[in-house]
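Novice: Have a peek at protein29.txt (compact mmCIF, C-alpha atoms).
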# COMPACT_ATOMS: atom_id res chain seq x y z
CA MET A 1 0.00 0.00 0.00
CA LYS A 2 1.32 3.45 -0.95
CA GLN A 3 2.37 5.48 2.07
CA THR A 4 2.06 9.23 2.52
CA VAL A 5 5.01 11.09 4.02
CA LEU A 6 5.25 14.68 5.30
CA ILE A 7 8.73 16.16 5.67
CA THR A 8 9.37 19.54 7.25
CA GLY A 9 12.25 21.52 5.80
CA GLY A 10 12.15 19.36 2.70
CA THR A 11 13.61 21.59 0.00
CA SER A 12 17.31 21.03 0.71
CA GLY A 13 19.84 18.99 2.64
CA ILE A 14 18.65 16.02 4.65
CA GLY A 15 14.99 16.85 4.10
CA LEU A 16 15.36 16.85 0.32
CA GLY A 17 17.43 13.66 0.46
CA LEU A 18 14.68 11.94 2.44
CA ALA A 19 11.95 13.26 0.14
CA GLU A 20 13.71 11.88 -2.92
CA ALA A 21 14.43 8.56 -1.19
CA PHE A 22 10.80 8.10 -0.16
CA MET A 23 9.59 9.02 -3.66
CA ALA A 24 12.00 6.48 -5.14
CA GLN A 25 10.25 3.87 -3.00
CA GLY A 26 6.87 4.91 -4.39
CA ALA A 27 5.62 6.99 -1.47
CA ALA A 28 3.41 10.03 -1.86
CA VAL A 29 5.41 12.92 -0.44
CA ALA A 30 4.51 16.33 0.94
CA ILE A 31 7.18 18.77 2.04
CA CYS A 32 7.09 22.19 3.63
CA ALA A 33 9.48 25.12 3.81
CA ARG A 34 9.39 28.86 4.37
CA SER A 35 11.12 29.96 1.16
CA GLY A 36 8.86 30.39 -1.83
CA ASP A 37 11.80 30.23 -4.25
CA ALA A 38 13.02 26.96 -2.75
CA LEU A 39 9.53 25.49 -2.96
CA ASP A 40 9.24 26.55 -6.61
CA ARG A 41 12.54 24.81 -7.42
CA PHE A 42 11.41 21.69 -5.59
CA SER A 43 8.05 21.62 -7.40
CA LYS A 44 9.76 22.06 -10.78
CA ASN A 45 11.99 19.05 -10.10
CA HIS A 46 9.33 16.98 -8.33
CA PRO A 47 5.89 17.87 -9.75
CA GLU A 48 4.36 14.70 -8.28
CA ALA A 49 4.98 15.89 -4.71
CA LEU A 50 3.01 18.41 -2.68
CA ALA A 51 5.07 21.49 -1.76
CA ILE A 52 3.61 23.67 1.00
CA ARG A 53 4.77 27.08 2.15
CA ALA A 54 4.56 26.96 5.93
CA ASP A 55 6.38 28.14 9.03
CA VAL A 56 6.18 25.19 11.41
CA THR A 57 6.54 27.49 14.42
CA ASP A 58 3.16 29.05 13.58
CA ALA A 59 0.11 27.13 14.81
CA GLU A 60 -2.21 28.36 12.05
CA ALA A 61 0.35 27.50 9.38
CA ARG A 62 0.71 23.98 10.78
CA LYS A 63 -3.07 23.49 10.73
CA ALA A 64 -3.32 24.75 7.15
CA MET A 65 -0.48 22.43 6.15
CA LEU A 66 -2.18 19.37 7.62
CA ASP A 67 -5.46 20.41 5.99
CA MET A 68 -3.66 20.46 2.62
CA VAL A 69 -2.15 17.03 3.23
CA ALA A 70 -5.57 15.64 4.16
CA ALA A 71 -7.22 17.22 1.10
CA ARG A 72 -4.56 15.89 -1.29
CA PHE A 73 -3.87 12.44 0.16
CA GLY A 74 -6.66 11.71 2.63
CA SER A 75 -4.33 10.53 5.38
CA LEU A 76 -0.74 10.61 6.62
CA ASP A 77 1.46 7.61 7.44
CA ILE A 78 4.91 9.02 8.22
CA LEU A 79 5.91 12.38 9.69
CA VAL A 80 9.53 13.53 9.42
CA ASN A 81 10.41 16.37 11.80
CA ASN A 82 13.46 17.71 10.00
CA ALA A 83 13.26 21.52 9.93
CA GLY A 84 15.85 23.14 12.16
CA THR A 85 18.64 25.65 12.49
CA PHE A 86 22.18 25.67 13.90
CA ILE A 87 23.29 28.80 15.76
CA GLU A 88 26.66 29.29 17.42
CA ARG A 89 26.48 31.12 20.76
CA ASP A 90 29.45 32.14 22.92
CA PHE A 91 28.31 32.75 26.48
CA ALA A 92 31.92 33.39 27.55
CA ALA A 93 32.41 36.35 25.22
CA GLY A 94 31.00 38.93 27.60
CA THR A 95 28.13 39.84 25.28
CA ASP A 96 24.47 38.85 25.14
CA ALA A 97 24.46 35.38 23.60
CA THR A 98 20.70 34.91 23.79
CA GLN A 99 19.62 36.92 20.74
CA ASP A 100 16.73 35.17 18.94
CA LEU A 101 16.92 32.30 21.42
CA GLU A 102 13.14 31.90 21.50
CA GLN A 103 13.05 31.39 17.72
CA GLU A 104 15.82 28.79 17.89
CA ILE A 105 14.02 26.82 20.59
CA ALA A 106 10.69 27.14 18.79
CA LEU A 107 12.01 25.78 15.50
CA ASN A 108 14.29 23.06 16.86
CA LEU A 109 12.25 21.78 19.79
CA THR A 110 8.79 23.22 20.40
CA ALA A 111 7.48 23.06 16.82
CA PRO A 112 8.36 19.36 16.26
CA ILE A 113 6.63 18.44 19.52
CA GLN A 114 3.55 20.51 18.67
CA LEU A 115 3.35 19.20 15.12
CA THR A 116 3.70 15.62 16.32
CA GLY A 117 0.82 16.11 18.74
CA GLU A 118 -1.36 17.68 16.07
CA VAL A 119 -0.61 14.90 13.59
CA LEU A 120 -1.39 12.18 16.12
CA ALA A 121 -4.66 13.89 17.03
CA ARG A 122 -5.74 13.58 13.38
CA TRP A 123 -4.14 10.25 12.53
CA PRO A 124 -3.61 8.18 15.70
CA ALA A 125 -2.50 5.07 13.80
CA MET A 126 0.62 6.56 12.24
CA ALA A 127 3.10 4.09 10.81
CA ALA A 128 6.14 6.10 11.86
CA ILE A 129 7.38 9.40 13.23
CA ILE A 130 10.97 10.44 12.53
CA PHE A 131 12.92 13.06 14.47
CA VAL A 132 16.11 14.49 12.99
CA THR A 133 18.31 15.29 15.96
CA SER A 134 22.14 15.12 15.94
CA GLY A 135 25.15 13.52 17.52
CA TYR A 136 25.11 16.74 19.54
CA ALA A 137 21.96 15.46 21.23
CA LEU A 138 24.32 13.10 23.10
CA VAL A 139 27.31 15.44 23.42
CA SER A 140 26.66 19.18 23.39
CA PRO A 141 29.14 21.19 21.28
CA ARG A 142 31.27 23.90 22.83
CA ARG A 143 30.48 26.34 20.03
CA ALA A 144 26.69 25.88 20.15
CA PRO A 145 25.47 24.87 23.62
CA THR A 146 21.86 25.85 22.99
CA TYR A 147 21.78 23.66 19.87
CA GLY A 148 22.98 20.76 21.99
CA ALA A 149 20.31 21.58 24.56
CA VAL A 150 17.38 21.60 22.14
CA LYS A 151 18.54 18.47 20.32
CA ALA A 152 18.96 16.70 23.66
CA GLY A 153 15.42 17.76 24.49
CA LEU A 154 14.11 16.36 21.20
CA HIS A 155 16.06 13.16 21.85
CA GLY A 156 14.33 12.82 25.21
CA PHE A 157 10.92 13.48 23.69
CA ALA A 158 11.48 10.85 21.01
CA GLU A 159 12.53 8.30 23.61
CA GLY A 160 9.48 8.86 25.79
CA LEU A 161 7.11 9.02 22.82
CA ARG A 162 8.47 5.71 21.57
CA ARG A 163 7.35 4.08 24.81
CA GLN A 164 3.92 5.72 24.66
CA LEU A 165 3.21 4.72 21.06
CA ALA A 166 4.65 1.20 21.18
CA PRO A 167 1.25 -0.41 21.96
CA ASN A 168 -0.20 1.27 18.84
CA GLY A 169 2.58 -0.06 16.63
CA THR A 170 3.81 3.40 15.67
CA HIS A 171 7.55 3.33 15.03
CA VAL A 172 9.43 6.29 16.49
CA LEU A 173 12.81 6.69 14.80
CA GLU A 174 15.50 9.17 15.76
CA LEU A 175 18.01 10.14 13.08
CA LEU A 176 21.37 11.35 14.43
CA PRO A 177 23.28 12.58 11.38
CA PRO A 178 26.97 13.48 11.39
CA LEU A 179 28.27 16.55 9.58
CA VAL A 180 26.23 16.58 6.36
CA ASP A 181 26.73 18.48 3.11
CA THR A 182 23.83 20.91 3.55
CA PRO A 183 23.37 24.67 3.10
CA MET A 184 23.52 25.01 6.90
CA ASN A 185 27.08 23.59 6.82
CA ALA A 186 28.24 25.46 3.73
CA GLY A 187 30.74 27.45 5.78
CA VAL A 188 32.48 24.31 7.05
CA VAL A 189 35.30 23.72 4.58
CA ASP A 190 37.90 21.76 6.56
CA LYS A 191 35.86 18.70 7.51
CA LYS A 192 34.43 15.75 5.59
CA LYS A 193 30.69 16.03 5.02
CA MET A 194 28.31 13.15 4.32
CA PRO A 195 26.03 13.46 1.25
CA PRO A 196 22.31 13.81 2.16
CA ALA A 197 21.44 10.86 -0.10
CA GLU A 198 23.63 8.57 2.02
CA VAL A 199 21.98 9.83 5.21
CA ALA A 200 18.57 9.14 3.66
CA ALA A 201 19.57 5.61 2.66
CA VAL A 202 20.69 4.77 6.20
CA THR A 203 17.48 6.27 7.57
CA LEU A 204 15.20 4.24 5.34
CA ARG A 205 17.06 1.04 6.24
CA ALA A 206 16.65 1.82 9.94
CA LEU A 207 12.97 2.52 9.33
CA ALA A 208 12.50 -0.79 7.54
CA ASP A 209 14.29 -2.63 10.35
CA ARG A 210 12.27 -0.75 13.00
CA ARG A 211 15.38 0.37 14.84
CA PRO A 212 15.10 3.14 17.45
CA MET A 213 17.96 5.13 15.91
CA ALA A 214 19.44 5.76 12.47
CA LEU A 215 23.18 6.37 12.88
CA PRO A 216 24.85 7.33 9.60
CA GLY A 217 28.56 7.77 9.11
CA GLN A 218 30.56 8.94 12.09
CA THR A 219 27.61 8.66 14.47
CA ALA A 220 27.36 4.90 13.87
CA MET A 221 29.60 4.05 16.82
CA LEU A 222 28.91 7.11 18.96
CA PRO A 223 26.54 5.53 21.53
CA THR A 224 28.90 2.57 21.98
CA LEU A 225 32.00 4.74 22.28
CA LEU A 226 30.29 6.95 24.83
CA ARG A 227 29.80 3.86 26.98
CA ILE A 228 33.37 2.60 26.52
CA ALA A 229 35.35 5.85 26.79
CA PRO A 230 32.90 8.60 27.73
CA LYS A 231 35.39 11.27 28.78
CA ALA A 232 37.62 11.02 25.73
CA ILE A 233 34.77 10.78 23.23
CA ARG A 234 32.80 13.61 24.80
CA GLY A 235 35.85 15.82 24.64
CA MET A 236 36.43 15.02 20.96
CA VAL A 237 32.81 15.43 19.85
CA ALA A 238 32.27 18.61 21.84
CA GLU A 239 35.07 20.35 19.91
CA THR A 240 33.83 19.45 16.41
Give the structure from the file, written as structure tokens.
Specialist:
Amino acid sequence: MKQTVLITGGTSGIGLGLAEAFMAQGAAVAICARSGDALDRFSKNHPEALAIRADVTDAEARKAMLDMVAARFGSLDILVNNAGTFIERDFAAGTDATQDLEQEIALNLTAPIQLTGEVLARWPAMAAIIFVTSGYALVSPRRAPTYGAVKAGLHGFAEGLRRQLAPNGTHVLELLPPLVDTPMNAGVVDKKKMPPAEVAAVTLRALADRRPMALPGQTAMLPTLLRIAPKAIRGMVAET
């Protein structure tokens, strides 16, 4: 049976990689983003998909987005909470490091939780819910402590939600990508970046195997290494 997938932040990077991977498997895909130009480019390349202009931090926009999904496809099977932002903040610099903090928390943490609740209220028998967090959910980075905080929060939400939804058969999958070749990481030029298509392939395999986590690339051994040599690994990851 053809599944319907909604991906937030689906016009580039990991979101686009997942959208194309799901479409290659025959799924009906809806994506959302805030940029009209990016949505136009996506629709030109993928006319079979539904592209929605929506700010997931806005409650009315989320409702309108779900209404459009329902009108086009009738139901939703998989939600991918992917939209997010990475902001470096130096609290030791002697300046105010909290500028736009509310927006960062809203996009990276509050909105995925709210959207998940709204989706489950409409479609309680979801096949799967995917949260894109980060290796920084397990080890917070020195250069972006608030990013580590919100991703750790989303990691905790995914873990608890997995327990709640287990009796319903809904698979809750957490994707912890490494450094990925995305527009958000365009300024990183001295480190190896994983292609989004490879991240998507690992994610879909983890989804098919009903694993709790998808761990592409350098994150594959991170949970194990944190158990074996926590101090050394935390120090290394925190400085990346």
Novice: Could you work out how far CA of Gly17 (chain A) lies from CA of Ala200 (chain A), giving the answer in Å with one decimal?
Specialist: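 A separation of 5.7 Å between them.
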Novice: Need the shell around Ser43 (chain A): protein/DNA/RNA residues with any atom at most 12 Å away, counting only C-alpha atoms. Skip same-chain ones fewer than 3 positions apart. Format as a PyMOL selection string?
Specialist: chain A and resi 10-11+16+19+29-33+36-40+46-53
Novice: So, with all atoms listed in the file as the atoms that count, which of A:Leu76, A:Ala28, A:Ala59, A:Ala92 lies closest to Ile113 (chain A)?
Specialist: A:Ala59
Novice: Tell me, in Å to one decimal, how far CA of Thr133 (chain A) is from CA of Gly156 (chain A).
Specialist: 10.4 Å
Novice: Separation of CA of Ser35 (chain A) and CA of Arg72 (chain A), in Å?
Specialist: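 If I compute the distance from CA of Ser35 (chain A) to CA of Arg72 (chain A), I get 21.2 Å.
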